[in-house]
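Data block for start.txt (compact mmCIF, N, CA and C atoms):
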# COMPACT_ATOMS: atom_id res chain seq x y z
N MET A 1 -10.09 42.08 81.32
CA MET A 1 -8.88 42.11 80.54
C MET A 1 -8.79 40.82 79.73
N ASN A 2 -8.69 40.95 78.40
CA ASN A 2 -8.58 39.74 77.59
C ASN A 2 -7.12 39.33 77.42
N ASN A 3 -6.89 38.17 76.81
CA ASN A 3 -5.53 37.64 76.69
C ASN A 3 -4.61 38.56 75.89
N LYS A 4 -5.13 39.21 74.84
CA LYS A 4 -4.30 40.12 74.05
C LYS A 4 -3.81 41.29 74.90
N ASP A 5 -4.69 41.82 75.74
CA ASP A 5 -4.30 42.92 76.62
C ASP A 5 -3.25 42.45 77.63
N ILE A 6 -3.43 41.25 78.15
CA ILE A 6 -2.48 40.72 79.12
C ILE A 6 -1.14 40.46 78.44
N HIS A 7 -1.17 39.88 77.24
CA HIS A 7 0.07 39.62 76.51
C HIS A 7 0.81 40.93 76.24
N LEU A 8 0.09 41.95 75.81
CA LEU A 8 0.72 43.25 75.55
C LEU A 8 1.30 43.82 76.84
N GLY A 9 0.55 43.76 77.92
CA GLY A 9 1.04 44.26 79.20
C GLY A 9 2.29 43.52 79.66
N LEU A 10 2.29 42.20 79.50
CA LEU A 10 3.45 41.41 79.89
C LEU A 10 4.67 41.77 79.04
N LEU A 11 4.47 41.89 77.73
CA LEU A 11 5.58 42.22 76.85
C LEU A 11 6.17 43.59 77.20
N LYS A 12 5.30 44.55 77.49
CA LYS A 12 5.78 45.89 77.86
C LYS A 12 6.56 45.85 79.17
N LYS A 13 6.00 45.19 80.16
CA LYS A 13 6.64 45.14 81.47
C LYS A 13 7.98 44.39 81.41
N LEU A 14 8.02 43.29 80.67
CA LEU A 14 9.24 42.51 80.59
C LEU A 14 10.32 43.21 79.78
N GLU A 15 9.91 44.02 78.81
CA GLU A 15 10.89 44.81 78.07
C GLU A 15 11.54 45.83 79.00
N ALA A 16 10.74 46.44 79.86
CA ALA A 16 11.24 47.45 80.78
C ALA A 16 12.09 46.83 81.89
N ASN A 17 11.69 45.64 82.38
CA ASN A 17 12.42 45.01 83.47
C ASN A 17 12.32 43.48 83.35
N PRO A 18 13.33 42.84 82.76
CA PRO A 18 13.27 41.38 82.59
C PRO A 18 13.40 40.60 83.89
N ASN A 19 13.67 41.28 85.00
CA ASN A 19 13.83 40.60 86.29
C ASN A 19 12.53 40.47 87.08
N TYR A 20 11.41 40.89 86.52
CA TYR A 20 10.14 40.77 87.23
C TYR A 20 9.89 39.32 87.61
N THR A 21 9.27 39.13 88.76
CA THR A 21 8.77 37.80 89.11
C THR A 21 7.31 37.74 88.67
N GLN A 22 6.80 36.52 88.57
CA GLN A 22 5.40 36.38 88.18
C GLN A 22 4.49 37.02 89.22
N ARG A 23 4.86 36.92 90.47
CA ARG A 23 4.05 37.51 91.54
C ARG A 23 4.00 39.04 91.40
N GLU A 24 5.15 39.66 91.10
CA GLU A 24 5.20 41.12 90.91
C GLU A 24 4.36 41.53 89.70
N LEU A 25 4.46 40.76 88.62
CA LEU A 25 3.67 41.06 87.42
C LEU A 25 2.18 40.96 87.73
N SER A 26 1.82 39.94 88.49
CA SER A 26 0.42 39.73 88.87
C SER A 26 -0.13 40.93 89.64
N LYS A 27 0.64 41.40 90.62
CA LYS A 27 0.20 42.55 91.44
C LYS A 27 0.09 43.81 90.60
N GLU A 28 1.10 44.09 89.79
CA GLU A 28 1.11 45.32 89.00
C GLU A 28 0.02 45.35 87.95
N MET A 29 -0.28 44.19 87.36
CA MET A 29 -1.26 44.14 86.29
C MET A 29 -2.69 43.91 86.79
N GLY A 30 -2.81 43.49 88.04
CA GLY A 30 -4.15 43.27 88.58
C GLY A 30 -4.82 42.02 88.05
N VAL A 31 -4.03 41.00 87.72
CA VAL A 31 -4.58 39.71 87.28
C VAL A 31 -4.01 38.62 88.19
N SER A 32 -4.63 37.47 88.16
CA SER A 32 -4.22 36.40 89.06
C SER A 32 -2.84 35.87 88.69
N LEU A 33 -2.18 35.29 89.66
CA LEU A 33 -0.87 34.70 89.45
C LEU A 33 -0.96 33.56 88.44
N GLY A 34 -2.02 32.78 88.52
CA GLY A 34 -2.22 31.68 87.58
C GLY A 34 -2.36 32.17 86.15
N LYS A 35 -3.05 33.28 85.97
CA LYS A 35 -3.23 33.85 84.62
C LYS A 35 -1.90 34.34 84.07
N VAL A 36 -1.09 34.99 84.92
CA VAL A 36 0.23 35.45 84.49
C VAL A 36 1.08 34.24 84.10
N ASN A 37 1.06 33.20 84.92
CA ASN A 37 1.83 31.99 84.63
C ASN A 37 1.41 31.38 83.30
N TYR A 38 0.11 31.27 83.09
CA TYR A 38 -0.43 30.69 81.85
C TYR A 38 0.00 31.52 80.64
N CYS A 39 -0.16 32.84 80.72
CA CYS A 39 0.17 33.71 79.59
C CYS A 39 1.68 33.71 79.31
N LEU A 40 2.49 33.70 80.36
CA LEU A 40 3.94 33.64 80.14
C LEU A 40 4.34 32.33 79.47
N LYS A 41 3.73 31.24 79.87
CA LYS A 41 4.02 29.95 79.23
C LYS A 41 3.68 30.01 77.75
N LYS A 42 2.55 30.62 77.42
CA LYS A 42 2.14 30.73 76.01
C LYS A 42 3.10 31.62 75.23
N LEU A 43 3.56 32.72 75.85
CA LEU A 43 4.52 33.60 75.17
C LEU A 43 5.85 32.88 74.93
N VAL A 44 6.26 32.04 75.87
CA VAL A 44 7.48 31.26 75.70
C VAL A 44 7.29 30.22 74.60
N GLU A 45 6.13 29.53 74.60
CA GLU A 45 5.84 28.52 73.57
C GLU A 45 5.83 29.13 72.18
N LYS A 46 5.31 30.34 72.05
CA LYS A 46 5.25 31.02 70.75
C LYS A 46 6.60 31.59 70.33
N GLY A 47 7.58 31.56 71.22
CA GLY A 47 8.90 32.07 70.90
C GLY A 47 9.01 33.58 71.03
N LEU A 48 8.09 34.20 71.76
CA LEU A 48 8.09 35.65 71.93
C LEU A 48 8.91 36.09 73.13
N VAL A 49 9.07 35.18 74.09
CA VAL A 49 9.83 35.45 75.30
C VAL A 49 10.74 34.26 75.55
N LYS A 50 11.98 34.56 75.92
CA LYS A 50 12.93 33.51 76.27
C LYS A 50 13.10 33.52 77.78
N LEU A 51 13.01 32.36 78.38
CA LEU A 51 13.13 32.20 79.83
C LEU A 51 14.54 31.73 80.13
N THR A 52 15.26 32.48 80.94
CA THR A 52 16.64 32.15 81.27
C THR A 52 16.80 32.02 82.77
N ASN A 53 17.45 30.96 83.21
CA ASN A 53 17.77 30.75 84.62
C ASN A 53 19.28 30.79 84.74
N PHE A 54 19.77 31.65 85.57
CA PHE A 54 21.20 31.75 85.76
C PHE A 54 21.63 30.79 86.86
N SER A 55 22.31 29.72 86.47
CA SER A 55 22.69 28.69 87.44
C SER A 55 23.72 29.20 88.44
N SER A 56 24.49 30.23 88.08
CA SER A 56 25.46 30.78 89.03
C SER A 56 24.80 31.70 90.05
N ASN A 57 23.52 32.02 89.83
CA ASN A 57 22.77 32.88 90.74
C ASN A 57 22.50 32.12 92.03
N PRO A 58 22.85 32.69 93.20
CA PRO A 58 22.56 31.99 94.46
C PRO A 58 21.07 31.80 94.69
N ASN A 59 20.24 32.65 94.07
CA ASN A 59 18.78 32.49 94.14
C ASN A 59 18.38 31.57 92.99
N LYS A 60 18.33 30.27 93.24
CA LYS A 60 18.13 29.28 92.19
C LYS A 60 16.79 29.41 91.47
N VAL A 61 15.84 30.09 92.07
CA VAL A 61 14.55 30.26 91.40
C VAL A 61 14.52 31.56 90.60
N GLY A 62 15.64 32.24 90.51
CA GLY A 62 15.69 33.51 89.79
C GLY A 62 15.70 33.31 88.29
N TYR A 63 14.71 33.81 87.62
CA TYR A 63 14.61 33.71 86.17
C TYR A 63 14.62 35.12 85.58
N ILE A 64 15.03 35.19 84.33
CA ILE A 64 14.95 36.44 83.58
C ILE A 64 14.15 36.15 82.32
N TYR A 65 13.21 37.02 82.01
CA TYR A 65 12.38 36.90 80.82
C TYR A 65 12.90 37.88 79.78
N ILE A 66 13.39 37.37 78.66
CA ILE A 66 13.97 38.20 77.62
C ILE A 66 13.07 38.16 76.39
N LEU A 67 12.71 39.34 75.87
CA LEU A 67 11.93 39.40 74.65
C LEU A 67 12.81 39.00 73.47
N THR A 68 12.28 38.17 72.61
CA THR A 68 12.98 37.78 71.39
C THR A 68 12.65 38.81 70.32
N PRO A 69 13.34 38.78 69.18
CA PRO A 69 12.97 39.69 68.09
C PRO A 69 11.49 39.55 67.69
N GLN A 70 10.99 38.32 67.71
CA GLN A 70 9.56 38.11 67.41
C GLN A 70 8.69 38.73 68.49
N GLY A 71 9.19 38.73 69.73
CA GLY A 71 8.46 39.34 70.84
C GLY A 71 8.33 40.84 70.66
N PHE A 72 9.40 41.49 70.19
CA PHE A 72 9.34 42.93 69.92
C PHE A 72 8.36 43.22 68.79
N GLU A 73 8.36 42.37 67.75
CA GLU A 73 7.42 42.55 66.64
C GLU A 73 5.98 42.39 67.11
N GLU A 74 5.74 41.38 67.93
CA GLU A 74 4.39 41.14 68.44
C GLU A 74 3.94 42.29 69.34
N LYS A 75 4.83 42.81 70.14
CA LYS A 75 4.50 43.95 71.01
C LYS A 75 4.10 45.15 70.16
N ALA A 76 4.85 45.40 69.09
CA ALA A 76 4.52 46.52 68.20
C ALA A 76 3.17 46.29 67.51
N ARG A 77 2.92 45.05 67.07
CA ARG A 77 1.65 44.73 66.41
C ARG A 77 0.47 44.89 67.36
N LEU A 78 0.62 44.38 68.59
CA LEU A 78 -0.46 44.50 69.57
C LEU A 78 -0.69 45.95 69.97
N THR A 79 0.38 46.72 70.08
CA THR A 79 0.23 48.15 70.40
C THR A 79 -0.52 48.87 69.30
N PHE A 80 -0.15 48.59 68.04
CA PHE A 80 -0.83 49.21 66.91
C PHE A 80 -2.30 48.82 66.88
N GLU A 81 -2.58 47.53 67.13
CA GLU A 81 -3.96 47.06 67.16
C GLU A 81 -4.75 47.74 68.27
N PHE A 82 -4.11 47.90 69.42
CA PHE A 82 -4.77 48.56 70.56
C PHE A 82 -5.10 50.01 70.23
N LEU A 83 -4.15 50.72 69.61
CA LEU A 83 -4.36 52.13 69.29
C LEU A 83 -5.39 52.32 68.18
N LYS A 84 -5.49 51.34 67.32
CA LYS A 84 -6.44 51.38 66.21
C LYS A 84 -7.85 51.35 66.77
Exercise: express the given structure as C-alpha cells:
Amino acid sequence: MNNKDIHLGLLKKLEANPNYTQRELSKEMGVSLGKVNYCLKKLVEKGLVKLTNFSSNPNKVGYIYILTPQGFEEKARLTFEFLK
C-alpha cells in the first residue's frame, strides 16, 4: 500500500467516523500504527484534516479528526485518480 492509497483510505474512514483512534484505523486498514500516525500528521500539515481535542471530554486523549474543505477535494481527486 503506497502513501496515496493510505491517505485516501484515511480520508474515507475519517469522513465516515471522525472519532476513530489511530489504533482502530491501523487495525482496519492493515497498516502499522506508526504509518497511520505519520500519514495523519502529514494530512494535518497539508490542511486536509483538522485535529480537535475536546477539553471538556473526560477522556483527555480523545481527539476528533475533521476533514477540511480541502480534505474533501483531495479525497475526490484521489478517488478519481484511483478509478482512472
Show me the residues close to (5.1, 35.9, 73.3) - anything with an atom within 8 Å, counting only N, CA and C atoms - and format the list as an mmCIF file with N, CA and C atoms, in the frame of the given file.
data_model
loop_
_atom_site.group_PDB
_atom_site.id
_atom_site.type_symbol
_atom_site.label_atom_id
_atom_site.label_comp_id
_atom_site.auth_asym_id
_atom_site.auth_seq_id
_atom_site.Cartn_x
_atom_site.Cartn_y
_atom_site.Cartn_z
ATOM 1 N N HIS A 7 -1.170 39.880 77.240
ATOM 2 C CA HIS A 7 0.070 39.620 76.510
ATOM 3 C C HIS A 7 0.810 40.930 76.240
ATOM 4 N N LEU A 11 4.470 41.890 77.730
ATOM 5 C CA LEU A 11 5.580 42.220 76.850
ATOM 6 C C LEU A 11 6.170 43.590 77.200
ATOM 7 N N CYS A 39 -0.160 32.840 80.720
ATOM 8 C CA CYS A 39 0.170 33.710 79.590
ATOM 9 C C CYS A 39 1.680 33.710 79.310
ATOM 10 N N LEU A 40 2.490 33.700 80.360
ATOM 11 C CA LEU A 40 3.940 33.640 80.140
ATOM 12 C C LEU A 40 4.340 32.330 79.470
ATOM 13 N N LYS A 41 3.730 31.240 79.870
ATOM 14 C CA LYS A 41 4.020 29.950 79.230
ATOM 15 C C LYS A 41 3.680 30.010 77.750
ATOM 16 N N LYS A 42 2.550 30.620 77.420
ATOM 17 C CA LYS A 42 2.140 30.730 76.010
ATOM 18 C C LYS A 42 3.100 31.620 75.230
ATOM 19 N N LEU A 43 3.560 32.720 75.850
ATOM 20 C CA LEU A 43 4.520 33.600 75.170
ATOM 21 C C LEU A 43 5.850 32.880 74.930
ATOM 22 N N VAL A 44 6.260 32.040 75.870
ATOM 23 C CA VAL A 44 7.480 31.260 75.700
ATOM 24 C C VAL A 44 7.290 30.220 74.600
ATOM 25 N N GLU A 45 6.130 29.530 74.600
ATOM 26 C CA GLU A 45 5.840 28.520 73.570
ATOM 27 C C GLU A 45 5.830 29.130 72.180
ATOM 28 N N LYS A 46 5.310 30.340 72.050
ATOM 29 C CA LYS A 46 5.250 31.020 70.750
ATOM 30 C C LYS A 46 6.600 31.590 70.330
ATOM 31 N N GLY A 47 7.580 31.560 71.220
ATOM 32 C CA GLY A 47 8.900 32.070 70.900
ATOM 33 C C GLY A 47 9.010 33.580 71.030
ATOM 34 N N LEU A 48 8.090 34.200 71.760
ATOM 35 C CA LEU A 48 8.090 35.650 71.930
ATOM 36 C C LEU A 48 8.910 36.090 73.130
ATOM 37 N N VAL A 49 9.070 35.180 74.090
ATOM 38 C CA VAL A 49 9.830 35.450 75.300
ATOM 39 C C VAL A 49 10.740 34.260 75.550
ATOM 40 N N LYS A 50 11.980 34.560 75.920
ATOM 41 C CA LYS A 50 12.930 33.510 76.270
ATOM 42 C C LYS A 50 13.100 33.520 77.780
ATOM 43 N N LEU A 67 12.710 39.340 75.870
ATOM 44 C CA LEU A 67 11.930 39.400 74.650
ATOM 45 C C LEU A 67 12.810 39.000 73.470
ATOM 46 N N THR A 68 12.280 38.170 72.610
ATOM 47 C CA THR A 68 12.980 37.780 71.390
ATOM 48 C C THR A 68 12.650 38.810 70.320
ATOM 49 N N GLN A 70 10.990 38.320 67.710
ATOM 50 C CA GLN A 70 9.560 38.110 67.410
ATOM 51 C C GLN A 70 8.690 38.730 68.490
ATOM 52 N N GLY A 71 9.190 38.730 69.730
ATOM 53 C CA GLY A 71 8.460 39.340 70.840
ATOM 54 C C GLY A 71 8.330 40.840 70.660
ATOM 55 N N PHE A 72 9.400 41.490 70.190
ATOM 56 C CA PHE A 72 9.340 42.930 69.920
ATOM 57 C C PHE A 72 8.360 43.220 68.790
ATOM 58 N N GLU A 74 5.740 41.380 67.930
ATOM 59 C CA GLU A 74 4.390 41.140 68.440
ATOM 60 C C GLU A 74 3.940 42.290 69.340
ATOM 61 N N LYS A 75 4.830 42.810 70.140
ATOM 62 C CA LYS A 75 4.500 43.950 71.010
ATOM 63 C C LYS A 75 4.100 45.150 70.160
#
Inset, instruction - Report the residues of chain A whose backbone DSSP state falls under strand (DSSP E), written as a list in words. - result: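 Put together, the selection reads Val49, Lys50, Leu51, Thr52, Asn53, Tyr63, Ile64, Tyr65, Ile66 and Leu67 of chain A.
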Inset, instruction - Can you list, as a VMD selection string, all residues belonging to range 20-82 of chain A that DSSP tags as helix (DSSP H, G or I)? - result: chain A and resid 22 to 29 33 to 45 69 to 82
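Using all atoms listed in the file, the protein and nucleic acid residues lying no more than 6 Å from Leu51 in chain A, apart from those fewer than 6 places from it along its own chain, are A:Ile64, A:Tyr65, A:Ile66.
The two atoms in question, atom N of Pro18 in chain A and CA of Lys84 in chain A, are spaced 27.2 Å apart.
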Inset, instruction - Give as a PyMOL selection string every residue, naming chains and numbers as the document does, that has an atom within 12 Å of (2.2, 43.9, 87.9), counting only C-alpha atoms. - result: chain A and resi 6+9-14+17+20-33+35-36
Inset, instruction - Would you mind reading off the distance between CA of Tyr63 in chain A and CA of Asn19 in chain A, one decimal, in Å? - result: 6.9 Å
Inset, instruction - To one decimal in Å, tell me the separation between atom C of Leu8 in chain A and atom N of Ala76 in chain A. - result: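 Between these atoms lies a distance of 8.7 Å.
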Box dimensions and centre (Å, one decimal) enclosing range 41-53 of chain A, axis-aligned, 8 Å extra per side, as lines of an AutoDock Vina configuration file:
center_x = 10.7
center_y = 32.3
center_z = 77.5
size_x = 33.1
size_y = 23.6
size_z = 30.4
